[in-house]
Amino acid sequence: MGGRMMPKKVKVYGVPAKGIATLRDLPVPIYSSPSEQFQPLQTIQRDGLYLPFLRRYPDVDGNWIEVTLLDGSKGWMQISDIDDGIQYADIYDPSLAPSFTSLDTAVITIDPGHGGTASGAVAADGFEEKTANLDIALKVMDLLTSQYNIKTIWMTRIYDEDVSLAYRADLGTASGGQLFISIHNNSNGSTSHGTETYYQCGKEQTLDTQQKSYITATAVQMGMLTAIQAAHDAGIYVALPSDRGVKCRLGSGREDYYYVLRNAYIPAILAECVFISNPVEGACLQNEGFRDYLAEGIKDGIIFYLNDLLTP
Ligand SMILES: [Zn+2]
C-alpha cells in the first residue's frame, strides 16, 4: 500500500457521568470497551471494593460504566443487571444523594497518603509515613461518624496496600462531595519541623473550588496546630506547635503540583501534619495519643468548613 497513512481512529465511548460502584456478588468482569464481545481484561474477585466512574455508555445490551481500578487503569463494567438477579454493584450516584443541608448529609473523601510498597517518608528508626497516615485517617473517619453522624465517607484505602493516585483523585471527583482530604506527614532532613497544609489554586479548578479549598486548608491547619498545643499541654508532644503556613504549590504550567489536588474536581486539601524525619516529631507520631490529638484537630477543621458552607 502506498500513499499517506490514515490516522488511527480512537473510539471514545460514553457520556460524562459521576458515581461509585460498590461491588458485590463477585466475580465482576471488567472489559476494555463497553461490550461483552471480547474477553474481560480482568475479573474482580474482591468483596467490598468500590470503584469510581466518570463515564457511562448506554448500549443495546445494557448500561456500562468506565471505572478507575486501584492500579489507576480504566475498564468497563456492566450495570444493567442490577436487580434481584445478577447483582454486580450498588451504584452511589451523587445526583441522587440528599443535598447537603446538615452536617450528617456531608460527603467526604479521606485519603491516607501512600500505602503498600509506597512507604512514604521513613523515620531514622524505620517507622513509615504510610502507617501514621492510615491510622490518623481512620481516626478522623471514626470521629466524623461517631460525633456528627456523617454517613457518607469514602476512604481511598483502609488497608496497607498500593493505591494509585488516579484512583484516589477519581474517587473524590466521583463522590461529588464537599471535600477531599489527603493526610500525609512531611520529610526533609532531621531539623525541619512543623505543620503545613496545601490547597488548590491551579488553573484546572474553578474559583469557587479554590476558595473552598483555601477555607478548609486554613481551618484544618488551625485545627492541627491547636491540637498539637493541646498535646503539648497534656505532656504528649515535646515541642510547641510550629506553623509553616497554608500553602499552594503550582507546577510550571500553573497547574496544582500535587496530583490529587490537580485531579480531584471538588474542594481538596493535602495536610502535612508534622515531620516524620524530625527526631522529636517522628517520635511523637509513633505515639497513639498524639495521633488521637491530630485526628481531633483535623476533624475540627473539617467541621468548621462544613459549618461555613451551611451558613447562608
Ligand atoms: Zn506523604
# chains A, B, ... in the order shown; residues from 1 in each chain; ligands from 1
$ residues_around --residues "Gly297 of chain A" --least-positions-apart "4" --cutoff "10 Å" --atoms "only C-alpha atoms" --output "mmCIF file with all heavy atoms, in the first residue's frame"
data_model
loop_
_atom_site.group_PDB
_atom_site.id
_atom_site.type_symbol
_atom_site.label_atom_id
_atom_site.label_comp_id
_atom_site.auth_asym_id
_atom_site.auth_seq_id
_atom_site.Cartn_x
_atom_site.Cartn_y
_atom_site.Cartn_z
ATOM 1 N N VAL A 140 -9.928 10.042 62.022
ATOM 2 C CA VAL A 140 -10.756 11.159 61.545
ATOM 3 C C VAL A 140 -12.116 10.625 61.089
ATOM 4 O O VAL A 140 -13.170 11.180 61.424
ATOM 5 C CB VAL A 140 -10.054 11.924 60.401
ATOM 6 C CG1 VAL A 140 -10.996 12.962 59.776
ATOM 7 C CG2 VAL A 140 -8.782 12.606 60.908
ATOM 8 N N ALA A 219 -8.713 26.108 58.001
ATOM 9 C CA ALA A 219 -9.380 25.547 59.185
ATOM 10 C C ALA A 219 -8.671 24.290 59.684
ATOM 11 O O ALA A 219 -8.502 24.092 60.886
ATOM 12 C CB ALA A 219 -10.845 25.253 58.859
ATOM 13 N N VAL A 220 -8.243 23.434 58.761
ATOM 14 C CA VAL A 220 -7.566 22.195 59.166
ATOM 15 C C VAL A 220 -6.178 22.518 59.741
ATOM 16 O O VAL A 220 -5.746 21.918 60.729
ATOM 17 C CB VAL A 220 -7.480 21.211 57.977
ATOM 18 C CG1 VAL A 220 -6.508 20.072 58.257
ATOM 19 C CG2 VAL A 220 -8.869 20.658 57.660
ATOM 20 N N GLN A 221 -5.481 23.477 59.126
ATOM 21 C CA GLN A 221 -4.189 23.899 59.660
ATOM 22 C C GLN A 221 -4.348 24.415 61.096
ATOM 23 O O GLN A 221 -3.602 24.031 61.999
ATOM 24 C CB GLN A 221 -3.606 24.998 58.754
ATOM 25 C CG GLN A 221 -2.329 25.645 59.253
ATOM 26 C CD GLN A 221 -1.081 24.798 59.028
ATOM 27 O OE1 GLN A 221 -1.180 23.678 58.518
ATOM 28 N NE2 GLN A 221 0.065 25.303 59.434
ATOM 29 N N MET A 222 -5.364 25.272 61.302
ATOM 30 C CA MET A 222 -5.643 25.806 62.636
ATOM 31 C C MET A 222 -5.993 24.680 63.601
ATOM 32 O O MET A 222 -5.524 24.655 64.743
ATOM 33 C CB MET A 222 -6.816 26.791 62.549
ATOM 34 C CG MET A 222 -7.011 27.625 63.774
ATOM 35 S SD MET A 222 -5.961 29.065 63.699
ATOM 36 C CE MET A 222 -6.945 30.114 62.625
ATOM 37 N N GLY A 223 -6.795 23.746 63.140
ATOM 38 C CA GLY A 223 -7.193 22.613 63.976
ATOM 39 C C GLY A 223 -5.994 21.780 64.398
ATOM 40 O O GLY A 223 -5.868 21.389 65.570
ATOM 41 N N MET A 224 -5.078 21.514 63.462
ATOM 42 C CA MET A 224 -3.896 20.702 63.790
ATOM 43 C C MET A 224 -2.999 21.432 64.786
ATOM 44 O O MET A 224 -2.505 20.833 65.748
ATOM 45 C CB MET A 224 -3.111 20.363 62.511
ATOM 46 C CG MET A 224 -3.797 19.321 61.637
ATOM 47 S SD MET A 224 -2.708 18.638 60.355
ATOM 48 C CE MET A 224 -2.530 20.037 59.270
ATOM 49 N N LEU A 225 -2.781 22.734 64.567
ATOM 50 C CA LEU A 225 -1.913 23.498 65.474
ATOM 51 C C LEU A 225 -2.502 23.554 66.885
ATOM 52 O O LEU A 225 -1.775 23.397 67.877
ATOM 53 C CB LEU A 225 -1.684 24.914 64.928
ATOM 54 C CG LEU A 225 -0.851 24.999 63.639
ATOM 55 C CD1 LEU A 225 -0.876 26.416 63.078
ATOM 56 C CD2 LEU A 225 0.578 24.527 63.883
ATOM 57 N N THR A 226 -3.819 23.757 66.961
ATOM 58 C CA THR A 226 -4.492 23.780 68.265
ATOM 59 C C THR A 226 -4.357 22.425 68.953
ATOM 60 O O THR A 226 -4.103 22.341 70.161
ATOM 61 C CB THR A 226 -5.981 24.148 68.083
ATOM 62 O OG1 THR A 226 -6.068 25.390 67.381
ATOM 63 C CG2 THR A 226 -6.692 24.271 69.415
ATOM 64 N N ALA A 227 -4.510 21.362 68.181
ATOM 65 C CA ALA A 227 -4.420 20.012 68.735
ATOM 66 C C ALA A 227 -3.006 19.711 69.227
ATOM 67 O O ALA A 227 -2.820 19.072 70.267
ATOM 68 C CB ALA A 227 -4.843 18.990 67.673
ATOM 69 N N ILE A 228 -2.007 20.176 68.479
ATOM 70 C CA ILE A 228 -0.625 19.922 68.872
ATOM 71 C C ILE A 228 -0.291 20.691 70.162
ATOM 72 O O ILE A 228 0.414 20.182 71.041
ATOM 73 C CB ILE A 228 0.332 20.280 67.712
ATOM 74 C CG1 ILE A 228 0.140 19.283 66.557
ATOM 75 C CG2 ILE A 228 1.786 20.278 68.182
ATOM 76 C CD1 ILE A 228 0.829 19.682 65.261
ATOM 77 N N ALA A 230 -2.506 21.343 72.436
ATOM 78 C CA ALA A 230 -3.197 20.580 73.488
ATOM 79 C C ALA A 230 -2.399 19.336 73.867
ATOM 80 O O ALA A 230 -2.310 18.973 75.047
ATOM 81 C CB ALA A 230 -4.599 20.199 73.021
ATOM 82 N N ARG A 291 -1.438 10.895 67.847
ATOM 83 C CA ARG A 291 -2.239 10.741 66.619
ATOM 84 C C ARG A 291 -3.721 11.002 66.902
ATOM 85 O O ARG A 291 -4.441 11.527 66.054
ATOM 86 C CB ARG A 291 -2.024 9.351 66.015
ATOM 87 C CG ARG A 291 -0.582 9.096 65.556
ATOM 88 C CD ARG A 291 -0.484 7.896 64.621
ATOM 89 N NE ARG A 291 -0.938 6.664 65.230
ATOM 90 C CZ ARG A 291 -0.171 5.814 65.921
ATOM 91 N NH1 ARG A 291 1.124 6.073 66.080
ATOM 92 N NH2 ARG A 291 -0.672 4.717 66.443
ATOM 93 N N ASP A 292 -4.177 10.657 68.116
ATOM 94 C CA ASP A 292 -5.562 10.985 68.512
ATOM 95 C C ASP A 292 -5.778 12.496 68.495
ATOM 96 O O ASP A 292 -6.800 12.978 67.996
ATOM 97 C CB ASP A 292 -5.861 10.447 69.918
ATOM 98 C CG ASP A 292 -6.152 8.950 69.917
ATOM 99 O OD1 ASP A 292 -6.692 8.460 68.907
ATOM 100 O OD2 ASP A 292 -5.832 8.282 70.920
ATOM 101 N N TYR A 293 -4.810 13.229 69.043
ATOM 102 C CA TYR A 293 -4.927 14.693 69.048
ATOM 103 C C TYR A 293 -4.953 15.243 67.622
ATOM 104 O O TYR A 293 -5.760 16.116 67.292
ATOM 105 C CB TYR A 293 -3.771 15.324 69.826
ATOM 106 C CG TYR A 293 -4.016 15.446 71.308
ATOM 107 C CD1 TYR A 293 -3.578 14.471 72.189
ATOM 108 C CD2 TYR A 293 -4.717 16.537 71.827
ATOM 109 C CE1 TYR A 293 -3.808 14.571 73.561
ATOM 110 C CE2 TYR A 293 -4.960 16.652 73.187
ATOM 111 C CZ TYR A 293 -4.502 15.670 74.054
ATOM 112 O OH TYR A 293 -4.746 15.783 75.394
ATOM 113 N N GLY A 301 -11.236 21.028 61.978
ATOM 114 C CA GLY A 301 -11.102 21.860 60.783
ATOM 115 C C GLY A 301 -12.154 21.523 59.737
ATOM 116 O O GLY A 301 -12.750 22.417 59.126
ATOM 117 N N ILE A 302 -12.389 20.238 59.534
ATOM 118 C CA ILE A 302 -13.400 19.809 58.555
ATOM 119 C C ILE A 302 -14.780 20.311 58.972
ATOM 120 O O ILE A 302 -15.548 20.832 58.148
ATOM 121 C CB ILE A 302 -13.397 18.262 58.411
ATOM 122 C CG1 ILE A 302 -12.086 17.792 57.778
ATOM 123 C CG2 ILE A 302 -14.601 17.788 57.601
ATOM 124 C CD1 ILE A 302 -11.891 16.280 57.788
ATOM 125 N N ILE A 303 -15.101 20.187 60.254
ATOM 126 C CA ILE A 303 -16.423 20.611 60.743
ATOM 127 C C ILE A 303 -16.584 22.123 60.622
ATOM 128 O O ILE A 303 -17.654 22.629 60.249
ATOM 129 C CB ILE A 303 -16.645 20.134 62.202
ATOM 130 C CG1 ILE A 303 -16.709 18.607 62.248
ATOM 131 C CG2 ILE A 303 -17.907 20.757 62.796
ATOM 132 C CD1 ILE A 303 -17.834 17.984 61.428
#
$ residues_near_ligand --ligand "ligand 1" --cutoff "7 Å" --atoms "only C-alpha atoms and all ligand atoms" --output "ChimeraX atom specification"
/A:113-114,120-121,129,184-186
$ residues_around --residues "Val280 of chain A" --least-positions-apart "5" --cutoff "9 Å" --atoms "only C-alpha atoms" --output "JSON, numbers by chain"
{"A": [193, 237, 238, 239, 275, 285]}
$ write_last_selection --atoms "N, CA, C and O atoms" --output "CSV table (one decimal), in the first residue's frame"
chain,number,residue,atom,x,y,z
A,193,HIS,N,10.8,21.1,60.8
A,193,HIS,CA,9.7,20.7,61.7
A,193,HIS,C,8.5,21.6,61.5
A,193,HIS,O,8.6,22.6,60.8
A,237,TYR,N,3.3,15.8,73.6
A,237,TYR,CA,4.1,16.4,72.5
A,237,TYR,C,5.2,17.2,73.1
A,237,TYR,O,4.9,18.2,73.8
A,238,VAL,N,6.4,16.9,72.8
A,238,VAL,CA,7.5,17.6,73.5
A,238,VAL,C,7.7,19.1,73.0
A,238,VAL,O,7.8,20.0,73.8
A,239,ALA,N,7.7,19.2,71.7
A,239,ALA,CA,7.9,20.6,71.2
A,239,ALA,C,6.6,21.4,71.2
A,239,ALA,O,5.5,20.8,71.4
A,275,PHE,N,6.8,16.5,60.8
A,275,PHE,CA,7.9,15.9,60.0
A,275,PHE,C,8.3,14.6,60.6
A,275,PHE,O,8.8,14.6,61.7
A,285,LEU,N,4.9,11.1,66.6
A,285,LEU,CA,4.0,10.5,65.6
A,285,LEU,C,3.8,9.0,65.9
A,285,LEU,O,2.8,8.4,65.5
$ residues_around --residues "Gly177 of chain A" --least-positions-apart "2" --cutoff "12 Å" --atoms "only C-alpha atoms" --output "tab-separated table (two decimals) with all heavy atoms, in the first residue's frame"
chain	number	residue	atom	x	y	z
A	18	LYS	N	-21.12	10.39	36.86
A	18	LYS	CA	-20.39	10.52	38.11
A	18	LYS	C	-20.99	9.58	39.14
A	18	LYS	O	-22.19	9.64	39.40
A	18	LYS	CB	-20.50	11.96	38.60
A	18	LYS	CG	-19.45	12.36	39.60
A	18	LYS	CD	-19.74	13.73	40.17
A	18	LYS	CE	-19.27	14.84	39.25
A	18	LYS	NZ	-19.45	16.16	39.87
A	19	GLY	N	-20.15	8.72	39.71
A	19	GLY	CA	-20.67	7.84	40.75
A	19	GLY	C	-19.63	6.84	41.21
A	19	GLY	O	-18.48	6.86	40.75
A	20	ILE	N	-20.03	6.00	42.13
A	20	ILE	CA	-19.14	5.00	42.70
A	20	ILE	C	-19.89	3.67	42.72
A	20	ILE	O	-21.03	3.61	43.19
A	20	ILE	CB	-18.68	5.41	44.12
A	20	ILE	CG1	-17.88	6.72	44.05
A	20	ILE	CG2	-17.84	4.30	44.75
A	20	ILE	CD1	-17.59	7.35	45.39
A	92	TYR	N	-23.56	4.29	43.84
A	92	TYR	CA	-23.76	5.54	44.57
A	92	TYR	C	-23.74	6.65	43.54
A	92	TYR	O	-22.74	6.88	42.87
A	92	TYR	CB	-22.63	5.75	45.59
A	92	TYR	CG	-22.67	7.14	46.19
A	92	TYR	CD1	-23.51	7.43	47.26
A	92	TYR	CD2	-21.88	8.16	45.68
A	92	TYR	CE1	-23.56	8.70	47.80
A	92	TYR	CE2	-21.92	9.44	46.22
A	92	TYR	CZ	-22.76	9.70	47.28
A	92	TYR	OH	-22.80	10.96	47.81
A	93	ASP	N	-24.86	7.31	43.39
A	93	ASP	CA	-24.97	8.38	42.39
A	93	ASP	C	-25.12	9.71	43.11
A	93	ASP	O	-26.14	9.96	43.75
A	93	ASP	CB	-26.19	8.10	41.50
A	93	ASP	CG	-26.36	9.16	40.42
A	93	ASP	OD1	-25.70	10.21	40.50
A	93	ASP	OD2	-27.16	8.94	39.50
A	94	PRO	N	-24.10	10.57	43.06
A	94	PRO	CA	-24.17	11.84	43.80
A	94	PRO	C	-25.39	12.67	43.44
A	94	PRO	O	-25.90	13.41	44.28
A	94	PRO	CB	-22.88	12.57	43.39
A	94	PRO	CG	-21.99	11.53	42.86
A	94	PRO	CD	-22.87	10.44	42.30
A	95	SER	N	-25.86	12.54	42.19
A	95	SER	CA	-27.00	13.38	41.79
A	95	SER	C	-28.28	12.93	42.50
A	95	SER	O	-29.25	13.68	42.56
A	95	SER	CB	-27.19	13.33	40.27
A	95	SER	OG	-27.60	12.04	39.88
A	97	ALA	N	-28.13	11.74	45.68
A	97	ALA	CA	-27.89	11.84	47.12
A	97	ALA	C	-28.67	13.02	47.69
A	97	ALA	O	-28.96	13.99	46.98
A	97	ALA	CB	-26.40	12.04	47.38
A	98	PRO	N	-29.01	12.94	48.99
A	98	PRO	CA	-29.68	14.10	49.60
A	98	PRO	C	-28.74	15.30	49.53
A	98	PRO	O	-27.54	15.16	49.69
A	98	PRO	CB	-29.90	13.65	51.05
A	98	PRO	CG	-29.01	12.48	51.26
A	98	PRO	CD	-28.80	11.85	49.93
A	99	SER	N	-29.32	16.47	49.27
A	99	SER	CA	-28.46	17.65	49.15
A	99	SER	C	-27.86	17.98	50.52
A	99	SER	O	-28.40	17.61	51.56
A	99	SER	CB	-29.26	18.82	48.60
A	99	SER	OG	-30.36	19.07	49.43
A	100	PHE	N	-26.76	18.69	50.48
A	100	PHE	CA	-26.03	18.99	51.71
A	100	PHE	C	-26.73	20.12	52.46
A	100	PHE	O	-26.57	21.29	52.12
A	100	PHE	CB	-24.59	19.37	51.34
A	100	PHE	CG	-23.77	19.80	52.51
A	100	PHE	CD1	-23.61	18.97	53.61
A	100	PHE	CD2	-23.14	21.03	52.51
A	100	PHE	CE1	-22.85	19.37	54.70
A	100	PHE	CE2	-22.37	21.44	53.58
A	100	PHE	CZ	-22.24	20.61	54.69
A	105	THR	N	-25.38	15.08	56.31
A	105	THR	CA	-25.54	14.75	54.89
A	105	THR	C	-24.28	15.07	54.08
A	105	THR	O	-24.29	14.95	52.85
A	105	THR	CB	-26.73	15.52	54.27
A	105	THR	OG1	-26.55	16.93	54.50
A	105	THR	CG2	-28.05	15.08	54.89
A	106	ALA	N	-23.22	15.46	54.76
A	106	ALA	CA	-21.96	15.76	54.06
A	106	ALA	C	-21.40	14.49	53.41
A	106	ALA	O	-21.63	13.38	53.89
A	106	ALA	CB	-20.94	16.33	55.03
A	107	VAL	N	-20.69	14.69	52.30
A	107	VAL	CA	-19.99	13.58	51.63
A	107	VAL	C	-18.50	13.95	51.59
A	107	VAL	O	-18.12	14.99	51.05
A	107	VAL	CB	-20.53	13.38	50.20
A	107	VAL	CG1	-19.71	12.32	49.47
A	107	VAL	CG2	-22.00	12.99	50.24
A	108	ILE	N	-17.69	13.10	52.20
A	108	ILE	CA	-16.27	13.41	52.35
A	108	ILE	C	-15.42	12.23	51.89
A	108	ILE	O	-15.76	11.07	52.14
A	108	ILE	CB	-15.96	13.74	53.83
A	108	ILE	CG1	-16.71	15.01	54.23
A	108	ILE	CG2	-14.46	13.91	54.07
A	108	ILE	CD1	-16.67	15.29	55.69
A	109	THR	N	-14.33	12.53	51.20
A	109	THR	CA	-13.36	11.51	50.82
A	109	THR	C	-12.08	11.74	51.63
A	109	THR	O	-11.54	12.85	51.62
A	109	THR	CB	-13.04	11.57	49.31
A	109	THR	OG1	-14.26	11.42	48.58
A	109	THR	CG2	-12.08	10.46	48.92
A	110	ILE	N	-11.64	10.71	52.34
A	110	ILE	CA	-10.41	10.81	53.13
A	110	ILE	C	-9.35	9.92	52.49
A	110	ILE	O	-9.60	8.75	52.21
A	110	ILE	CB	-10.65	10.38	54.59
A	110	ILE	CG1	-11.78	11.22	55.22
A	110	ILE	CG2	-9.36	10.54	55.41
A	110	ILE	CD1	-12.11	10.84	56.65
A	150	ILE	N	-21.97	11.64	60.22
A	150	ILE	CA	-21.76	11.78	58.77
A	150	ILE	C	-21.77	10.38	58.16
A	150	ILE	O	-20.97	9.52	58.52
A	150	ILE	CB	-20.46	12.54	58.48
A	150	ILE	CG1	-20.60	13.98	58.97
A	150	ILE	CG2	-20.12	12.49	56.98
A	150	ILE	CD1	-19.37	14.85	58.79
A	151	LYS	N	-22.69	10.18	57.21
A	151	LYS	CA	-22.95	8.81	56.76
A	151	LYS	C	-22.12	8.41	55.55
A	151	LYS	O	-21.88	7.23	55.31
A	151	LYS	CB	-24.44	8.66	56.42
A	151	LYS	CG	-25.34	8.81	57.64
A	151	LYS	CD	-26.81	8.86	57.23
A	151	LYS	CE	-27.69	9.39	58.34
A	151	LYS	NZ	-27.54	10.84	58.59
A	152	THR	N	-21.70	9.40	54.75
A	152	THR	CA	-21.00	9.04	53.51
A	152	THR	C	-19.56	9.52	53.56
A	152	THR	O	-19.27	10.69	53.28
A	152	THR	CB	-21.74	9.62	52.29
A	152	THR	OG1	-23.13	9.32	52.41
A	152	THR	CG2	-21.20	9.02	51.01
A	153	ILE	N	-18.68	8.63	53.97
A	153	ILE	CA	-17.25	8.91	53.97
A	153	ILE	C	-16.56	7.84	53.12
A	153	ILE	O	-16.67	6.65	53.43
A	153	ILE	CB	-16.67	8.91	55.40
A	153	ILE	CG1	-17.35	10.00	56.24
A	153	ILE	CG2	-15.15	9.12	55.35
A	153	ILE	CD1	-16.90	10.03	57.69
A	154	TRP	N	-15.93	8.28	52.05
A	154	TRP	CA	-15.20	7.35	51.19
A	154	TRP	C	-13.73	7.36	51.58
A	154	TRP	O	-13.11	8.42	51.59
A	154	TRP	CB	-15.35	7.74	49.72
A	154	TRP	CG	-16.78	7.72	49.25
A	154	TRP	CD1	-17.61	8.78	49.09
A	154	TRP	CD2	-17.54	6.56	48.89
A	154	TRP	NE1	-18.85	8.36	48.67
A	154	TRP	CE2	-18.83	7.01	48.54
A	154	TRP	CE3	-17.25	5.19	48.84
A	154	TRP	CZ2	-19.84	6.13	48.13
A	154	TRP	CZ3	-18.27	4.32	48.43
A	154	TRP	CH2	-19.53	4.78	48.08
A	170	ASP	N	-9.93	10.23	41.45
A	170	ASP	CA	-11.22	9.93	40.79
A	170	ASP	C	-12.30	9.59	41.83
A	170	ASP	O	-13.48	9.91	41.63
A	170	ASP	CB	-11.07	8.76	39.80
A	170	ASP	CG	-10.39	9.20	38.51
A	170	ASP	OD1	-10.06	10.40	38.39
A	170	ASP	OD2	-10.16	8.35	37.64
A	171	LEU	N	-11.91	8.95	42.92
A	171	LEU	CA	-12.88	8.66	43.97
A	171	LEU	C	-13.44	9.96	44.53
A	171	LEU	O	-14.65	10.09	44.76
A	171	LEU	CB	-12.24	7.81	45.08
A	171	LEU	CG	-13.20	7.20	46.10
A	171	LEU	CD1	-14.10	6.15	45.46
A	171	LEU	CD2	-12.44	6.59	47.27
A	172	GLY	N	-12.56	10.92	44.74
A	172	GLY	CA	-13.01	12.23	45.23
A	172	GLY	C	-13.95	12.90	44.24
A	172	GLY	O	-15.04	13.38	44.61
A	173	THR	N	-13.56	12.93	42.97
A	173	THR	CA	-14.41	13.56	41.95
A	173	THR	C	-15.75	12.84	41.84
A	173	THR	O	-16.81	13.48	41.83
A	173	THR	CB	-13.71	13.52	40.58
A	173	THR	OG1	-12.43	14.14	40.69
A	173	THR	CG2	-14.54	14.23	39.52
A	174	ALA	N	-15.69	11.51	41.79
A	174	ALA	CA	-16.91	10.73	41.59
A	174	ALA	C	-17.86	10.82	42.78
A	174	ALA	O	-19.06	10.62	42.63
A	174	ALA	CB	-16.56	9.27	41.33
A	175	SER	N	-17.33	11.14	43.96
A	175	SER	CA	-18.18	11.25	45.15
A	175	SER	C	-19.10	12.46	45.05
A	175	SER	O	-20.15	12.50	45.70
A	175	SER	CB	-17.32	11.36	46.41
A	175	SER	OG	-16.79	12.67	46.54
A	179	LEU	N	-15.72	17.64	50.14
A	179	LEU	CA	-14.29	17.74	50.46
A	179	LEU	C	-13.54	16.44	50.17
A	179	LEU	O	-14.04	15.35	50.42
A	179	LEU	CB	-14.11	18.08	51.95
A	179	LEU	CG	-12.67	18.14	52.48
A	179	LEU	CD1	-11.90	19.27	51.82
A	179	LEU	CD2	-12.65	18.29	53.99
A	180	PHE	N	-12.32	16.61	49.64
A	180	PHE	CA	-11.33	15.53	49.55
A	180	PHE	C	-10.16	15.96	50.41
A	180	PHE	O	-9.62	17.06	50.22
A	180	PHE	CB	-10.88	15.37	48.09
A	180	PHE	CG	-9.75	14.39	47.87
A	180	PHE	CD1	-10.00	13.09	47.42
A	180	PHE	CD2	-8.43	14.75	48.08
A	180	PHE	CE1	-8.97	12.19	47.21
A	180	PHE	CE2	-7.39	13.86	47.87
A	180	PHE	CZ	-7.67	12.57	47.43
A	181	ILE	N	-9.78	15.14	51.39
A	181	ILE	CA	-8.64	15.50	52.24
A	181	ILE	C	-7.60	14.39	52.23
A	181	ILE	O	-7.91	13.23	52.53
A	181	ILE	CB	-9.07	15.85	53.68
A	181	ILE	CG1	-7.82	16.06	54.55
A	181	ILE	CG2	-10.01	14.83	54.29
A	181	ILE	CD1	-8.11	16.67	55.91
A	209	THR	N	-14.12	26.46	43.79
A	209	THR	CA	-13.41	25.31	44.38
A	209	THR	C	-12.14	25.77	45.09
A	209	THR	O	-11.84	25.32	46.20
A	209	THR	CB	-13.07	24.29	43.27
A	209	THR	OG1	-14.29	23.79	42.72
A	209	THR	CG2	-12.27	23.13	43.82
A	264	ALA	N	-8.60	15.97	41.52
A	264	ALA	CA	-9.88	15.82	42.21
A	264	ALA	C	-10.67	17.10	41.95
A	264	ALA	O	-10.25	18.18	42.37
A	264	ALA	CB	-9.68	15.61	43.70
A	265	TYR	N	-11.78	16.96	41.25
A	265	TYR	CA	-12.54	18.16	40.87
A	265	TYR	C	-13.64	18.47	41.88
A	265	TYR	O	-14.81	18.62	41.54
A	265	TYR	CB	-13.08	18.00	39.45
A	265	TYR	CG	-11.96	18.01	38.44
A	265	TYR	CD1	-11.44	16.84	37.93
A	265	TYR	CD2	-11.38	19.22	38.06
A	265	TYR	CE1	-10.37	16.86	37.04
A	265	TYR	CE2	-10.31	19.25	37.17
A	265	TYR	CZ	-9.83	18.06	36.67
A	265	TYR	OH	-8.76	18.08	35.80
A	266	ILE	N	-13.21	18.53	43.13
A	266	ILE	CA	-14.03	19.05	44.22
A	266	ILE	C	-13.03	19.76	45.14
A	266	ILE	O	-11.81	19.60	44.96
A	266	ILE	CB	-14.77	17.93	45.01
A	266	ILE	CG1	-13.78	16.91	45.59
A	266	ILE	CG2	-15.80	17.25	44.13
A	266	ILE	CD1	-14.43	15.92	46.55
A	267	PRO	N	-13.48	20.56	46.11
A	267	PRO	CA	-12.52	21.18	47.02
A	267	PRO	C	-11.64	20.11	47.68
A	267	PRO	O	-12.15	19.14	48.24
A	267	PRO	CB	-13.42	21.89	48.04
A	267	PRO	CG	-14.67	22.19	47.28
A	267	PRO	CD	-14.86	21.00	46.36
A	268	ALA	N	-10.32	20.29	47.58
A	268	ALA	CA	-9.39	19.27	48.07
A	268	ALA	C	-8.22	19.95	48.77
A	268	ALA	O	-7.80	21.04	48.38
A	268	ALA	CB	-8.88	18.41	46.90
A	306	LEU	N	-17.41	22.72	56.99
A	306	LEU	CA	-18.77	22.30	56.63
A	306	LEU	C	-19.80	23.26	57.22
A	306	LEU	O	-20.78	23.61	56.54
A	306	LEU	CB	-19.03	20.87	57.15
A	306	LEU	CG	-18.22	19.76	56.48
A	306	LEU	CD1	-18.51	18.41	57.16
A	306	LEU	CD2	-18.51	19.67	54.98
$ residues_around --residues "Glu66 of chain A" --least-positions-apart "2" --cutoff "8 Å" --atoms "only C-alpha atoms" --output "short mmCIF file (atom, residue, chain, number, x, y, z; two decimals) with N, CA and C atoms, in the first residue's frame"
data_model
loop_
_atom_site.label_atom_id
_atom_site.label_comp_id
_atom_site.auth_asym_id
_atom_site.auth_seq_id
_atom_site.Cartn_x
_atom_site.Cartn_y
_atom_site.Cartn_z
N PHE A 53 -16.50 5.94 38.91
CA PHE A 53 -16.66 6.04 37.45
C PHE A 53 -17.01 7.47 37.08
N LEU A 54 -16.52 7.89 35.92
CA LEU A 54 -16.74 9.26 35.45
C LEU A 54 -17.31 9.26 34.03
N ARG A 55 -17.69 8.09 33.54
CA ARG A 55 -18.22 7.97 32.18
C ARG A 55 -19.20 6.81 32.14
N ARG A 56 -20.25 6.98 31.34
CA ARG A 56 -21.30 5.97 31.22
C ARG A 56 -21.56 5.73 29.74
N TRP A 64 -23.30 0.63 30.72
CA TRP A 64 -21.92 0.38 31.11
C TRP A 64 -21.35 1.62 31.79
N THR A 68 -12.43 3.39 37.42
CA THR A 68 -10.99 3.51 37.65
C THR A 68 -10.60 2.45 38.67
N LYS A 74 -8.16 1.92 33.61
CA LYS A 74 -9.62 2.04 33.50
C LYS A 74 -10.19 0.85 32.76
N GLY A 75 -11.42 0.54 33.05
CA GLY A 75 -12.10 -0.55 32.36
C GLY A 75 -13.60 -0.38 32.50
N TRP A 76 -14.33 -1.15 31.68
CA TRP A 76 -15.79 -1.01 31.66
C TRP A 76 -16.46 -2.17 32.37
N MET A 77 -17.49 -1.88 33.12
CA MET A 77 -18.32 -2.94 33.70
C MET A 77 -19.79 -2.64 33.44
#
$ residues_around --residues "Tyr214 of chain A" --least-positions-apart "4" --cutoff "9 Å" --atoms "only C-alpha atoms" --output "list in words"
Tyr198, Tyr199, Gln200, Cys201, Thr209, Gln210, Thr218, Ala219, Val246, Lys247, Cys248, Pro267, Ala268 and Ile269 of chain A
$ select_by_dssp --residues "segment 53-249 of chain A" --states "strand (DSSP E or B)" --output "ChimeraX atom specification"
/A:53-59,62-68,74-78,89-92,107-112,115,118,122,128,152-155,179-186,195-199,243-247
$ select_by_dssp --residues "segment 135-248 of chain A" --states "helix (DSSP H, G or I)" --output "NGL selection string"
:A and (135-148 or 165-175 or 207-233)
$ residues_around --residues "Gly253 of chain A" --least-positions-apart "5" --cutoff "12 Å" --atoms "only C-alpha atoms" --output "PyMOL selection string"
chain A and resi 202-204+262
